[in-house]
$ cat upload-v2.cif   # mmCIF, C-alpha atoms
data_structure
loop_
_atom_site.group_PDB
_atom_site.id
_atom_site.type_symbol
_atom_site.label_atom_id
_atom_site.label_comp_id
_atom_site.auth_asym_id
_atom_site.auth_seq_id
_atom_site.Cartn_x
_atom_site.Cartn_y
_atom_site.Cartn_z
ATOM 1 C CA MET A 1 -28.748 -2.533 -41.688
ATOM 2 C CA ASN A 2 -30.011 0.887 -40.641
ATOM 3 C CA ALA A 3 -29.026 4.071 -42.511
ATOM 4 C CA ILE A 4 -25.961 4.845 -40.369
ATOM 5 C CA GLN A 5 -24.652 1.295 -40.678
ATOM 6 C CA THR A 6 -25.147 1.382 -44.441
ATOM 7 C CA ILE A 7 -23.255 4.667 -44.851
ATOM 8 C CA ALA A 8 -20.367 3.415 -42.709
ATOM 9 C CA LYS A 9 -20.105 0.149 -44.649
ATOM 10 C CA GLU A 10 -20.217 1.902 -48.014
ATOM 11 C CA ARG A 11 -17.489 4.328 -46.998
ATOM 12 C CA GLU A 12 -15.307 1.471 -45.761
ATOM 13 C CA THR A 13 -15.652 -0.196 -49.170
ATOM 14 C CA ILE A 14 -14.742 3.048 -50.952
ATOM 15 C CA ASN A 15 -11.716 3.777 -48.741
ATOM 16 C CA ASP A 16 -10.444 0.194 -48.896
ATOM 17 C CA THR A 17 -10.730 0.223 -52.688
ATOM 18 C CA ILE A 18 -8.892 3.541 -52.967
ATOM 19 C CA ARG A 19 -6.012 2.279 -50.839
ATOM 20 C CA SER A 20 -5.806 -1.023 -52.722
ATOM 21 C CA PHE A 21 -5.905 0.754 -56.087
ATOM 22 C CA PHE A 22 -2.994 3.044 -55.337
ATOM 23 C CA LYS A 23 -0.854 0.538 -53.477
ATOM 24 C CA ASP A 24 -1.180 -1.903 -56.396
ATOM 25 C CA ARG A 25 0.232 0.876 -58.602
ATOM 26 C CA GLY A 26 3.227 1.595 -56.407
ATOM 27 C CA TYR A 27 1.913 4.692 -54.615
ATOM 28 C CA LEU A 28 2.929 5.517 -51.049
ATOM 29 C CA GLU A 29 0.216 6.688 -48.651
ATOM 30 C CA VAL A 30 1.312 9.793 -46.752
ATOM 31 C CA GLU A 31 -0.072 11.946 -43.932
ATOM 32 C CA THR A 32 -0.047 15.734 -44.188
ATOM 33 C CA PRO A 33 -0.805 18.471 -41.629
ATOM 34 C CA ILE A 34 -4.330 19.829 -41.239
ATOM 35 C CA LEU A 35 -3.331 22.972 -39.298
ATOM 36 C CA VAL A 36 -0.871 25.134 -41.253
ATOM 37 C CA LYS A 37 0.456 28.657 -41.663
ATOM 38 C CA SER A 38 -0.353 28.970 -45.378
ATOM 39 C CA PRO A 39 -3.640 27.177 -46.174
ATOM 40 C CA GLY A 40 -3.997 28.406 -49.760
ATOM 41 C CA MET A 41 -4.288 31.531 -51.870
ATOM 42 C CA GLU A 42 -7.355 30.780 -53.989
ATOM 43 C CA PRO A 43 -9.587 33.896 -54.052
ATOM 44 C CA ASN A 44 -12.818 31.874 -54.004
ATOM 45 C CA LEU A 45 -12.006 29.891 -50.839
ATOM 46 C CA THR A 46 -12.331 30.913 -47.190
ATOM 47 C CA PRO A 47 -10.247 28.879 -44.717
ATOM 48 C CA PHE A 48 -11.127 28.414 -41.061
ATOM 49 C CA GLU A 49 -8.659 30.641 -39.208
ATOM 50 C CA THR A 50 -7.255 30.239 -35.716
ATOM 51 C CA ILE A 51 -4.392 31.234 -33.404
ATOM 52 C CA VAL A 52 -1.730 28.708 -32.402
ATOM 53 C CA ARG A 53 -0.264 29.377 -28.956
ATOM 54 C CA GLU A 54 2.808 28.056 -27.180
ATOM 55 C CA PRO A 55 3.023 27.882 -23.342
ATOM 56 C CA ASN A 56 5.499 30.801 -23.413
ATOM 57 C CA LYS A 57 2.703 32.947 -24.922
ATOM 58 C CA ASN A 58 4.162 33.018 -28.447
ATOM 59 C CA GLU A 59 1.288 33.187 -30.918
ATOM 60 C CA TYR A 60 1.059 32.292 -34.598
ATOM 61 C CA ARG A 61 -1.707 32.756 -37.134
ATOM 62 C CA GLY A 62 -2.865 29.468 -38.581
ATOM 63 C CA ALA A 63 -5.689 27.924 -40.546
ATOM 64 C CA LEU A 64 -7.178 24.549 -41.431
ATOM 65 C CA ILE A 65 -6.238 23.297 -44.876
ATOM 66 C CA THR A 66 -8.591 23.716 -47.811
ATOM 67 C CA SER A 67 -6.449 21.098 -49.577
ATOM 68 C CA PRO A 68 -3.281 19.114 -48.748
ATOM 69 C CA GLU A 69 -1.741 20.314 -52.025
ATOM 70 C CA TYR A 70 1.127 22.411 -50.681
ATOM 71 C CA SER A 71 2.316 19.690 -48.318
ATOM 72 C CA MET A 72 2.023 17.000 -50.971
ATOM 73 C CA LYS A 73 4.152 19.000 -53.414
ATOM 74 C CA LYS A 74 6.776 19.542 -50.735
ATOM 75 C CA LEU A 75 7.009 15.768 -50.323
ATOM 76 C CA LEU A 76 7.501 15.442 -54.086
ATOM 77 C CA GLY A 77 10.279 18.012 -53.824
ATOM 78 C CA HIS A 78 11.950 15.826 -51.208
ATOM 79 C CA GLY A 79 12.111 12.947 -53.678
ATOM 80 C CA LEU A 80 8.869 10.987 -53.328
ATOM 81 C CA GLU A 81 7.646 9.914 -56.772
ATOM 82 C CA LYS A 82 4.083 8.554 -56.367
ATOM 83 C CA ILE A 83 2.013 9.540 -53.325
ATOM 84 C CA PHE A 84 -1.614 9.711 -52.196
ATOM 85 C CA THR A 85 -3.516 10.800 -49.107
ATOM 86 C CA LEU A 86 -7.051 10.545 -47.763
ATOM 87 C CA THR A 87 -7.612 13.523 -45.496
ATOM 88 C CA LYS A 88 -10.199 15.860 -44.052
ATOM 89 C CA VAL A 89 -10.218 19.383 -45.510
ATOM 90 C CA PHE A 90 -12.161 22.454 -44.409
ATOM 91 C CA ARG A 91 -13.795 25.388 -46.182
ATOM 92 C CA ASN A 92 -15.733 28.147 -44.455
ATOM 93 C CA ASP A 93 -18.644 30.078 -45.990
ATOM 94 C CA GLU A 94 -20.034 26.814 -47.391
ATOM 95 C CA GLN A 95 -23.682 25.846 -47.273
ATOM 96 C CA PHE A 96 -24.847 23.011 -45.040
ATOM 97 C CA GLY A 97 -26.012 20.178 -47.270
ATOM 98 C CA GLY A 98 -26.801 19.751 -50.941
ATOM 99 C CA SER A 99 -23.390 19.218 -52.514
ATOM 100 C CA HIS A 100 -21.402 21.050 -49.804
ATOM 101 C CA ASN A 101 -20.237 20.505 -46.237
ATOM 102 C CA PRO A 102 -17.687 22.687 -44.381
ATOM 103 C CA GLU A 103 -15.648 19.582 -43.535
ATOM 104 C CA PHE A 104 -15.232 16.910 -46.180
ATOM 105 C CA THR A 105 -12.948 14.064 -47.249
ATOM 106 C CA MET A 106 -10.447 14.597 -50.039
ATOM 107 C CA LEU A 107 -8.390 12.072 -51.950
ATOM 108 C CA GLU A 108 -5.297 13.690 -53.416
ATOM 109 C CA TRP A 109 -2.578 11.965 -55.423
ATOM 110 C CA TYR A 110 0.531 12.859 -57.443
ATOM 111 C CA GLN A 111 2.871 11.141 -59.857
ATOM 112 C CA GLN A 112 6.151 12.458 -61.190
ATOM 113 C CA GLY A 113 6.951 11.718 -64.829
ATOM 114 C CA ALA A 114 3.369 11.804 -66.164
ATOM 115 C CA ASP A 115 0.979 14.547 -67.317
ATOM 116 C CA TYR A 116 -2.709 15.355 -66.876
ATOM 117 C CA MET A 117 -3.843 13.061 -69.681
ATOM 118 C CA LYS A 118 -2.322 10.113 -67.827
ATOM 119 C CA CYS A 119 -4.118 11.343 -64.703
ATOM 120 C CA ILE A 120 -7.446 11.440 -66.555
ATOM 121 C CA GLU A 121 -6.969 7.788 -67.535
ATOM 122 C CA GLU A 122 -6.081 6.815 -63.969
ATOM 123 C CA THR A 123 -9.053 8.707 -62.533
ATOM 124 C CA GLU A 124 -11.460 6.930 -64.868
ATOM 125 C CA THR A 125 -9.984 3.543 -63.941
ATOM 126 C CA LEU A 126 -10.233 4.334 -60.211
ATOM 127 C CA VAL A 127 -13.889 5.395 -60.352
ATOM 128 C CA LYS A 128 -14.809 2.309 -62.382
ATOM 129 C CA MET A 129 -13.092 0.058 -59.849
ATOM 130 C CA ILE A 130 -14.875 1.676 -56.896
ATOM 131 C CA ASN A 131 -18.169 1.265 -58.729
ATOM 132 C CA ILE A 132 -17.489 -2.441 -59.299
ATOM 133 C CA LYS A 133 -16.637 -3.002 -55.630
ATOM 134 C CA LEU A 134 -19.838 -1.278 -54.518
ATOM 135 C CA GLN A 135 -21.863 -3.348 -56.990
ATOM 136 C CA MET A 136 -20.328 -6.515 -55.549
ATOM 137 C CA THR A 137 -21.716 -5.559 -52.144
ATOM 138 C CA ASN A 138 -25.069 -4.494 -53.638
ATOM 139 C CA GLU A 139 -24.447 -0.884 -52.612
ATOM 140 C CA CYS A 140 -24.303 0.710 -56.055
ATOM 141 C CA GLN A 141 -27.082 1.592 -58.466
ATOM 142 C CA MET A 142 -25.125 3.581 -61.047
ATOM 143 C CA THR A 143 -24.806 1.908 -64.448
ATOM 144 C CA ASN A 144 -24.215 4.870 -66.799
ATOM 145 C CA PHE A 145 -20.517 4.609 -67.505
ATOM 146 C CA LYS A 146 -20.106 6.145 -70.918
ATOM 147 C CA TRP A 147 -17.071 8.438 -70.556
ATOM 148 C CA GLU A 148 -16.424 11.595 -72.551
ATOM 149 C CA ARG A 149 -13.624 14.168 -72.794
ATOM 150 C CA LYS A 150 -14.431 17.754 -73.819
ATOM 151 C CA ARG A 151 -12.223 20.830 -74.141
ATOM 152 C CA VAL A 152 -13.466 23.971 -72.423
ATOM 153 C CA ARG A 153 -13.027 25.918 -75.673
ATOM 154 C CA ASP A 154 -15.330 23.510 -77.525
ATOM 155 C CA LEU A 155 -17.956 23.743 -74.787
ATOM 156 C CA PHE A 156 -17.950 27.562 -74.981
ATOM 157 C CA LEU A 157 -18.285 27.452 -78.751
ATOM 158 C CA GLN A 158 -21.229 25.065 -78.436
ATOM 159 C CA TYR A 159 -23.175 26.576 -75.546
ATOM 160 C CA VAL A 160 -22.078 30.227 -75.340
ATOM 161 C CA GLY A 161 -21.104 30.953 -78.932
ATOM 162 C CA ILE A 162 -17.720 32.552 -78.245
ATOM 163 C CA ASP A 163 -14.195 31.416 -79.089
ATOM 164 C CA LEU A 164 -11.955 31.500 -76.012
ATOM 165 C CA ASP A 165 -8.897 31.594 -78.279
ATOM 166 C CA ALA A 166 -9.747 35.214 -79.089
ATOM 167 C CA ALA A 167 -12.123 36.263 -76.284
ATOM 168 C CA ASP A 168 -11.031 39.041 -73.923
ATOM 169 C CA ARG A 169 -12.707 40.477 -70.832
ATOM 170 C CA GLN A 170 -15.049 42.652 -72.913
ATOM 171 C CA THR A 171 -16.156 39.636 -74.970
ATOM 172 C CA LEU A 172 -17.023 37.726 -71.811
ATOM 173 C CA PHE A 173 -18.756 40.769 -70.292
ATOM 174 C CA ASP A 174 -20.843 41.360 -73.419
ATOM 175 C CA SER A 175 -21.783 37.681 -73.546
ATOM 176 C CA CYS A 176 -23.018 37.815 -69.942
ATOM 177 C CA LEU A 177 -25.110 40.878 -70.751
ATOM 178 C CA SER A 178 -26.670 39.296 -73.830
ATOM 179 C CA LEU A 179 -27.517 36.152 -71.862
ATOM 180 C CA ARG A 180 -28.907 38.212 -68.947
ATOM 181 C CA ILE A 181 -26.327 36.868 -66.524
ATOM 182 C CA HIS A 182 -25.558 39.110 -63.552
ATOM 183 C CA THR A 183 -22.317 41.071 -63.813
ATOM 184 C CA SER A 184 -20.376 43.674 -61.866
ATOM 185 C CA LEU A 185 -18.010 46.313 -63.202
ATOM 186 C CA SER A 186 -15.361 44.878 -60.899
ATOM 187 C CA ASP A 187 -15.620 41.390 -62.453
ATOM 188 C CA THR A 188 -12.339 39.962 -63.711
ATOM 189 C CA GLU A 189 -11.997 37.711 -66.757
ATOM 190 C CA SER A 190 -12.015 34.790 -64.360
ATOM 191 C CA ASP A 191 -15.235 35.991 -62.681
ATOM 192 C CA LEU A 192 -17.021 36.412 -65.994
ATOM 193 C CA PHE A 193 -15.796 33.052 -67.278
ATOM 194 C CA TYR A 194 -17.071 31.385 -64.127
ATOM 195 C CA ARG A 195 -20.502 33.033 -64.390
ATOM 196 C CA LEU A 196 -20.870 31.827 -67.971
ATOM 197 C CA PHE A 197 -19.602 28.368 -67.101
ATOM 198 C CA LEU A 198 -22.042 27.943 -64.217
ATOM 199 C CA GLU A 199 -25.051 29.212 -66.162
ATOM 200 C CA LYS A 200 -24.512 27.796 -69.647
ATOM 201 C CA ILE A 201 -21.979 24.958 -69.457
ATOM 202 C CA GLU A 202 -22.391 23.132 -66.150
ATOM 203 C CA PRO A 203 -26.110 22.275 -66.620
ATOM 204 C CA ASN A 204 -25.149 20.409 -69.801
ATOM 205 C CA LEU A 205 -22.420 18.285 -68.193
ATOM 206 C CA LEU A 206 -24.551 15.178 -67.737
ATOM 207 C CA GLY A 207 -23.136 11.684 -67.820
ATOM 208 C CA ASN A 208 -19.425 11.247 -67.028
ATOM 209 C CA ILE A 209 -17.391 14.017 -68.641
ATOM 210 C CA PHE A 210 -13.778 15.098 -68.248
ATOM 211 C CA VAL A 211 -13.618 18.835 -69.009
ATOM 212 C CA TYR A 212 -10.071 19.962 -69.797
ATOM 213 C CA ASP A 213 -7.818 22.846 -70.889
ATOM 214 C CA TYR A 214 -9.103 25.837 -68.912
ATOM 215 C CA PRO A 215 -8.203 29.422 -69.933
ATOM 216 C CA LYS A 216 -4.931 30.817 -68.587
ATOM 217 C CA TYR A 217 -6.720 32.929 -65.975
ATOM 218 C CA GLN A 218 -8.337 29.717 -64.685
ATOM 219 C CA ALA A 219 -5.079 27.736 -64.777
ATOM 220 C CA SER A 220 -4.659 27.726 -60.988
ATOM 221 C CA LEU A 221 -1.457 25.767 -60.233
ATOM 222 C CA SER A 222 -1.255 24.040 -63.621
ATOM 223 C CA ARG A 223 1.304 24.179 -66.404
ATOM 224 C CA LEU A 224 0.250 26.061 -69.532
ATOM 225 C CA THR A 225 -0.375 24.412 -72.887
ATOM 226 C CA SER A 226 2.237 24.899 -75.622
ATOM 227 C CA ASP A 227 0.371 27.922 -77.061
ATOM 228 C CA GLY A 228 0.303 29.590 -73.625
ATOM 229 C CA LYS A 229 -3.479 30.164 -73.758
ATOM 230 C CA TYR A 230 -4.761 27.380 -71.519
ATOM 231 C CA GLY A 231 -3.849 25.538 -68.360
ATOM 232 C CA GLU A 232 -3.315 21.770 -68.477
ATOM 233 C CA ARG A 233 -6.131 21.321 -65.990
ATOM 234 C CA PHE A 234 -9.183 19.061 -65.932
ATOM 235 C CA GLU A 235 -12.310 18.466 -63.883
ATOM 236 C CA LEU A 236 -14.529 15.390 -63.814
ATOM 237 C CA TYR A 237 -18.280 15.916 -63.879
ATOM 238 C CA MET A 238 -20.633 13.034 -63.132
ATOM 239 C CA ASN A 239 -24.356 13.696 -63.561
ATOM 240 C CA GLY A 240 -23.655 17.440 -63.465
ATOM 241 C CA LEU A 241 -21.659 17.347 -60.217
ATOM 242 C CA GLU A 242 -17.991 18.393 -60.176
ATOM 243 C CA LEU A 243 -15.905 15.699 -58.473
ATOM 244 C CA CYS A 244 -12.241 16.504 -58.957
ATOM 245 C CA ASN A 245 -9.665 19.039 -60.094
ATOM 246 C CA GLY A 246 -6.439 17.778 -61.694
ATOM 247 C CA PHE A 247 -3.396 19.349 -63.348
ATOM 248 C CA THR A 248 -0.096 18.926 -64.993
ATOM 249 C CA GLU A 249 1.676 20.725 -62.187
ATOM 250 C CA LEU A 250 3.378 24.085 -62.580
ATOM 251 C CA ILE A 251 6.980 23.728 -61.348
ATOM 252 C CA ASP A 252 8.311 27.148 -62.392
ATOM 253 C CA ALA A 253 8.772 28.849 -59.018
ATOM 254 C CA ASN A 254 8.892 32.350 -60.525
ATOM 255 C CA GLU A 255 5.640 31.881 -62.419
ATOM 256 C CA GLN A 256 4.063 30.305 -59.350
ATOM 257 C CA ARG A 257 5.085 33.277 -57.192
ATOM 258 C CA LYS A 258 3.528 35.606 -59.758
ATOM 259 C CA ARG A 259 0.236 33.680 -59.623
ATOM 260 C CA PHE A 260 0.279 33.653 -55.829
ATOM 261 C CA GLU A 261 0.772 37.422 -55.813
ATOM 262 C CA GLU A 262 -2.102 37.910 -58.250
ATOM 263 C CA GLU A 263 -4.358 35.731 -56.101
ATOM 264 C CA ALA A 264 -3.275 37.602 -52.964
ATOM 265 C CA GLU A 265 -4.276 40.869 -54.612
ATOM 266 C CA GLU A 266 -7.683 39.408 -55.525
ATOM 267 C CA ARG A 267 -8.173 38.332 -51.921
ATOM 268 C CA LYS A 268 -7.219 41.812 -50.739
ATOM 269 C CA GLN A 269 -9.685 43.435 -53.135
ATOM 270 C CA THR A 270 -12.503 41.276 -51.747
ATOM 271 C CA SER A 271 -11.507 41.911 -48.099
ATOM 272 C CA LYS A 272 -10.458 38.305 -47.509
ATOM 273 C CA THR A 273 -7.527 37.359 -45.306
ATOM 274 C CA VAL A 274 -4.286 37.278 -47.285
ATOM 275 C CA HIS A 275 -2.293 34.348 -46.003
ATOM 276 C CA PRO A 276 1.504 34.304 -46.397
ATOM 277 C CA ILE A 277 3.029 32.764 -49.505
ATOM 278 C CA ASP A 278 4.444 29.331 -48.740
ATOM 279 C CA GLU A 279 8.137 29.970 -49.369
ATOM 280 C CA GLY A 280 8.988 26.369 -48.538
ATOM 281 C CA LEU A 281 6.825 25.202 -51.420
ATOM 282 C CA LEU A 282 8.384 27.647 -53.862
ATOM 283 C CA SER A 283 11.903 26.563 -52.856
ATOM 284 C CA LEU A 284 11.095 22.892 -53.554
ATOM 285 C CA LEU A 285 9.143 23.258 -56.832
ATOM 286 C CA PRO A 286 12.267 23.176 -59.052
ATOM 287 C CA SER A 287 13.071 19.728 -57.642
ATOM 288 C CA LEU A 288 9.987 18.193 -59.277
ATOM 289 C CA ARG A 289 10.319 16.282 -62.526
ATOM 290 C CA THR A 290 8.667 17.446 -65.743
ATOM 291 C CA PRO A 291 5.867 16.533 -66.158
ATOM 292 C CA THR A 292 4.192 15.830 -62.819
ATOM 293 C CA PHE A 293 0.453 15.441 -62.336
ATOM 294 C CA GLY A 294 -1.780 15.920 -59.317
ATOM 295 C CA ASN A 295 -5.480 15.417 -58.672
ATOM 296 C CA ALA A 296 -7.860 16.230 -55.813
ATOM 297 C CA LEU A 297 -11.113 14.256 -55.661
ATOM 298 C CA GLY A 298 -14.048 14.774 -53.291
ATOM 299 C CA VAL A 299 -14.775 11.374 -51.765
ATOM 300 C CA ASP A 300 -18.137 12.384 -50.284
ATOM 301 C CA ARG A 301 -19.449 13.549 -53.651
ATOM 302 C CA LEU A 302 -18.192 10.369 -55.316
ATOM 303 C CA HIS A 303 -19.999 8.382 -52.613
ATOM 304 C CA MET A 304 -23.190 10.313 -53.451
ATOM 305 C CA ILE A 305 -22.990 9.677 -57.163
ATOM 306 C CA LEU A 306 -22.103 5.988 -57.025
ATOM 307 C CA THR A 307 -24.881 5.175 -54.561
ATOM 308 C CA ASP A 308 -27.493 7.263 -56.381
ATOM 309 C CA ARG A 309 -28.010 9.826 -53.638
ATOM 310 C CA THR A 310 -28.677 13.513 -54.250
ATOM 311 C CA LYS A 311 -27.522 15.139 -50.992
ATOM 312 C CA ILE A 312 -24.097 15.045 -49.371
ATOM 313 C CA GLU A 313 -25.655 14.775 -45.917
ATOM 314 C CA ASP A 314 -26.988 11.356 -46.969
ATOM 315 C CA VAL A 315 -23.433 9.934 -47.094
ATOM 316 C CA LEU A 316 -22.009 11.600 -43.962
ATOM 317 C CA LEU A 317 -22.191 10.100 -40.488
ATOM 318 C CA PHE A 318 -22.023 13.580 -38.933
ATOM 319 C CA PRO A 319 -23.215 16.251 -41.422
ATOM 320 C CA ALA A 320 -22.794 19.895 -40.438
ATOM 321 C CA ASP A 321 -26.503 20.598 -40.096
ATOM 322 C CA LYS A 322 -26.812 17.966 -37.354
ATOM 323 C CA LEU A 323 -23.644 19.185 -35.605
ATOM 324 C CA PHE A 324 -24.431 22.901 -35.517
ATOM 325 C CA ARG A 325 -28.178 23.462 -35.829
ATOM 326 C CA ASP A 326 -30.589 23.083 -32.961
ATOM 327 C CA TYR A 327 -33.517 20.739 -33.554
#

$ encode --input "upload-v2.cif" --output "structure tokens"
Amino acid sequence: MNAIQTIAKERETINDTIRSFFKDRGYLEVETPILVKSPGMEPNLTPFETIVREPNKNEYRGALITSPEYSMKKLLGHGLEKIFTLTKVFRNDEQFGGSHNPEFTMLEWYQQGADYMKCIEETETLVKMINIKLQMTNECQMTNFKWERKRVRDLFLQYVGIDLDAADRQTLFDSCLSLRIHTSLSDTESDLFYRLFLEKIEPNLLGNIFVYDYPKYQASLSRLTSDGKYGERFELYMNGLELCNGFTELIDANEQRKRFEEEAEERKQTSKTVHPIDEGLLSLLPSLRTPTFGNALGVDRLHMILTDRTKIEDVLLFPADKLFRDY
């Protein structure tokens, strides 16, 4: 087979395995919209924006999803218990190649009645199964499957030398200065945390490591731990590459509105478009069971790792650089 044929066959194996895995566990595959009014509030993401027009000249601001999360949670609010989707998602201001592509494939799944620790177990089982299926077709070279779980607090104690239980913005700022990491006076706690994480933690996340319990200001849409200091959130790193982002979901609509408003203010301060809060999502959140978990996994990056490739363009049939650059 040539390179294109190989990529296509590998991806078919991965997608077939994903669908089989979830259907065997009683999940329902769902389809969610790609063009929406409220694509997300995360300050670090830039959606592709557009205008939706009707024949009568009515116009609406819209954007391509950065994640199907909002739609998936609405389906949970309407009574679905276990759901998954394989969908394209879009993020602007992304580099072409390496570990990024403006359009990529995301696997997202949710289960009511289980928390993020259950999701970690399920994620590990899924990745192992995909690896086995690829090995059976002689398409996989990865054999390092020692799995670890590490709390963010423990990683910061080990590699940065600060205790996140007591660290405030000044602690993080001072740590950046002492380690000669670039800072700005406008940096938030979250900004400073992220700078330290990228410089001192991420390079040490080799092997297969679930990193969990992120500080409250990095909690995103996750429920807080019992002490209120951390979000019940995890990420999977394989060979130093971040593959997924999972939570025990926050279902308190008032707290979620507060976080959306804080994120909207951050977007405003950085001159990014502030998209409207998804009121439909907030109205349905109280209908979810406690706990509920969700996870979003980048299929292209998983494809890279399990077939021992180093660039995302090597697992895409139509990478962005070939679509948009002149050769």

$ atom_distance --input "upload-v2.cif" --atom1 "CA of Pro291 (chain A)" --atom2 "CA of Glu108 (chain A)"
17.2 Å

$ closest_residue --input "upload-v2.cif" --among "A:Asn15, A:Asn254, A:Ser178, A:Asn44" --to "Leu134 (chain A)" --atoms "only C-alpha atoms"
A:Asn15

$ atom_distance --input "upload-v2.cif" --atom1 "CA of Leu86 (chain A)" --atom2 "CA of His100 (chain A)"
17.9 Å

$ resolve_selection --input "upload-v2.cif" --expression "the PyMOL selection byres ((chain A and resi 162-169) around 8)" --output "ChimeraX atom specification"
/A:153,156-157,160-161,170-173,188-189,192,215,229

$ write_last_selection --input "upload-v2.cif" --atoms "C-alpha atoms" --output "compact mmCIF listing (two decimals), in the coordinates of the input"
# COMPACT_ATOMS: atom_id res chain seq x y z
CA ARG A 153 -13.03 25.92 -75.67
CA PHE A 156 -17.95 27.56 -74.98
CA LEU A 157 -18.28 27.45 -78.75
CA VAL A 160 -22.08 30.23 -75.34
CA GLY A 161 -21.10 30.95 -78.93
CA GLN A 170 -15.05 42.65 -72.91
CA THR A 171 -16.16 39.64 -74.97
CA LEU A 172 -17.02 37.73 -71.81
CA PHE A 173 -18.76 40.77 -70.29
CA THR A 188 -12.34 39.96 -63.71
CA GLU A 189 -12.00 37.71 -66.76
CA LEU A 192 -17.02 36.41 -65.99
CA PRO A 215 -8.20 29.42 -69.93
CA LYS A 229 -3.48 30.16 -73.76

$ atom_distance --input "upload-v2.cif" --atom1 "CA of Ile65 (chain A)" --atom2 "CA of Asn131 (chain A)"
28.6 Å

$ resolve_selection --input "upload-v2.cif" --expression "the PyMOL selection byres ((chain A and resi 79) around 12)" --output "CSV table (one decimal) with C-alpha atoms, in the coordinates of the input"
chain,number,residue,atom,x,y,z
A,72,MET,CA,2.0,17.0,-51.0
A,73,LYS,CA,4.2,19.0,-53.4
A,74,LYS,CA,6.8,19.5,-50.7
A,75,LEU,CA,7.0,15.8,-50.3
A,76,LEU,CA,7.5,15.4,-54.1
A,77,GLY,CA,10.3,18.0,-53.8
A,78,HIS,CA,12.0,15.8,-51.2
A,80,LEU,CA,8.9,11.0,-53.3
A,81,GLU,CA,7.6,9.9,-56.8
A,82,LYS,CA,4.1,8.6,-56.4
A,83,ILE,CA,2.0,9.5,-53.3
A,111,GLN,CA,2.9,11.1,-59.9
A,112,GLN,CA,6.2,12.5,-61.2
A,284,LEU,CA,11.1,22.9,-53.6
A,285,LEU,CA,9.1,23.3,-56.8
A,286,PRO,CA,12.3,23.2,-59.1
A,287,SER,CA,13.1,19.7,-57.6
A,288,LEU,CA,10.0,18.2,-59.3
A,289,ARG,CA,10.3,16.3,-62.5

$ closest_residue --input "upload-v2.cif" --among "A:Ile312, A:Ala320, A:Leu155, A:Met238" --to "Tyr214 (chain A)" --atoms "only C-alpha atoms"
A:Leu155

$ residues_around --input "upload-v2.cif" --residues "region 123-129 of chain A" --least-positions-apart "3" --cutoff "9 Å" --atoms "all atoms listed in the file" --output "PyMOL selection string"
chain A and resi 17-18+21-22+118-120+132-134+145+147+236+295+302+306

$ residues_near_point --input "upload-v2.cif" --point "(4.6, 29.4, -62.1)" --cutoff "12 Å" --atoms "only C-alpha atoms" --output "list in words"
Lys216, Ala219, Ser220, Leu221, Ser222, Arg223, Leu224, Gly231, Thr248, Glu249, Leu250, Ile251, Asp252, Ala253, Asn254, Glu255, Gln256, Arg257, Lys258, Arg259, Phe260, Glu261, Glu262, Leu281, Leu282, Leu285 and Pro286 of chain A

$ closest_residue --input "upload-v2.cif" --among "A:Gly246, A:Asp191, A:Gly240, A:Ile201" --to "Tyr217 (chain A)" --atoms "all atoms listed in the file"
A:Asp191

$ resolve_selection --input "upload-v2.cif" --expression "the PyMOL selection byres ((chain A and resi 64) around 9)" --output "JSON, numbers by chain"
{"A": [33, 34, 35, 36, 37, 39, 47, 48, 49, 50, 62, 63, 65, 66, 67, 89, 90, 91]}

$ closest_residue --input "upload-v2.cif" --among "A:Thr85, A:Thr273, A:Asn245, A:Ser175" --to "Glu199 (chain A)" --atoms "all atoms listed in the file"
A:Ser175

$ closest_residue --input "upload-v2.cif" --among "A:Thr270, A:Arg149, A:Gly98, A:Arg233" --to "Thr310 (chain A)" --atoms "all atoms listed in the file"
A:Gly98

$ closest_residue --input "upload-v2.cif" --among "A:Ser184, A:Gln218, A:Asn56, A:Thr105" --to "Val152 (chain A)" --atoms "only C-alpha atoms"
A:Gln218

$ axis_aligned_box --input "upload-v2.cif" --around "region 266-282 of chain A" --padding-each-side "6 Å" --output "lines of an AutoDock Vina configuration file"
center_x = -1.8
center_y = 34.3
center_z = -50.4
size_x = 33.5
size_y = 30.2
size_z = 22.2

$ residues_around --input "upload-v2.cif" --residues "Ser99 (chain A)" --least-positions-apart "5" --cutoff "10 Å" --atoms "only C-alpha atoms" --output "JSON, numbers by chain"
{"A": [94, 241, 242, 300, 301, 304, 310, 311, 312, 313]}

$ residues_around --input "upload-v2.cif" --residues "Glu12 (chain A)" --least-positions-apart "2" --cutoff "12 Å" --atoms "all atoms listed in the file" --output "mmCIF file with C-alpha atoms, in the coordinates of the input"
data_model
loop_
_atom_site.group_PDB
_atom_site.id
_atom_site.type_symbol
_atom_site.label_atom_id
_atom_site.label_comp_id
_atom_site.auth_asym_id
_atom_site.auth_seq_id
_atom_site.Cartn_x
_atom_site.Cartn_y
_atom_site.Cartn_z
ATOM 1 C CA GLN A 5 -24.652 1.295 -40.678
ATOM 2 C CA THR A 6 -25.147 1.382 -44.441
ATOM 3 C CA ILE A 7 -23.255 4.667 -44.851
ATOM 4 C CA ALA A 8 -20.367 3.415 -42.709
ATOM 5 C CA LYS A 9 -20.105 0.149 -44.649
ATOM 6 C CA GLU A 10 -20.217 1.902 -48.014
ATOM 7 C CA ILE A 14 -14.742 3.048 -50.952
ATOM 8 C CA ASN A 15 -11.716 3.777 -48.741
ATOM 9 C CA ASP A 16 -10.444 0.194 -48.896
ATOM 10 C CA THR A 17 -10.730 0.223 -52.688
ATOM 11 C CA ILE A 18 -8.892 3.541 -52.967
ATOM 12 C CA ARG A 19 -6.012 2.279 -50.839
ATOM 13 C CA ILE A 130 -14.875 1.676 -56.896
ATOM 14 C CA LYS A 133 -16.637 -3.002 -55.630
ATOM 15 C CA LEU A 134 -19.838 -1.278 -54.518
ATOM 16 C CA THR A 137 -21.716 -5.559 -52.144
ATOM 17 C CA GLU A 139 -24.447 -0.884 -52.612
ATOM 18 C CA VAL A 299 -14.775 11.374 -51.765
ATOM 19 C CA HIS A 303 -19.999 8.382 -52.613
ATOM 20 C CA VAL A 315 -23.433 9.934 -47.094
#
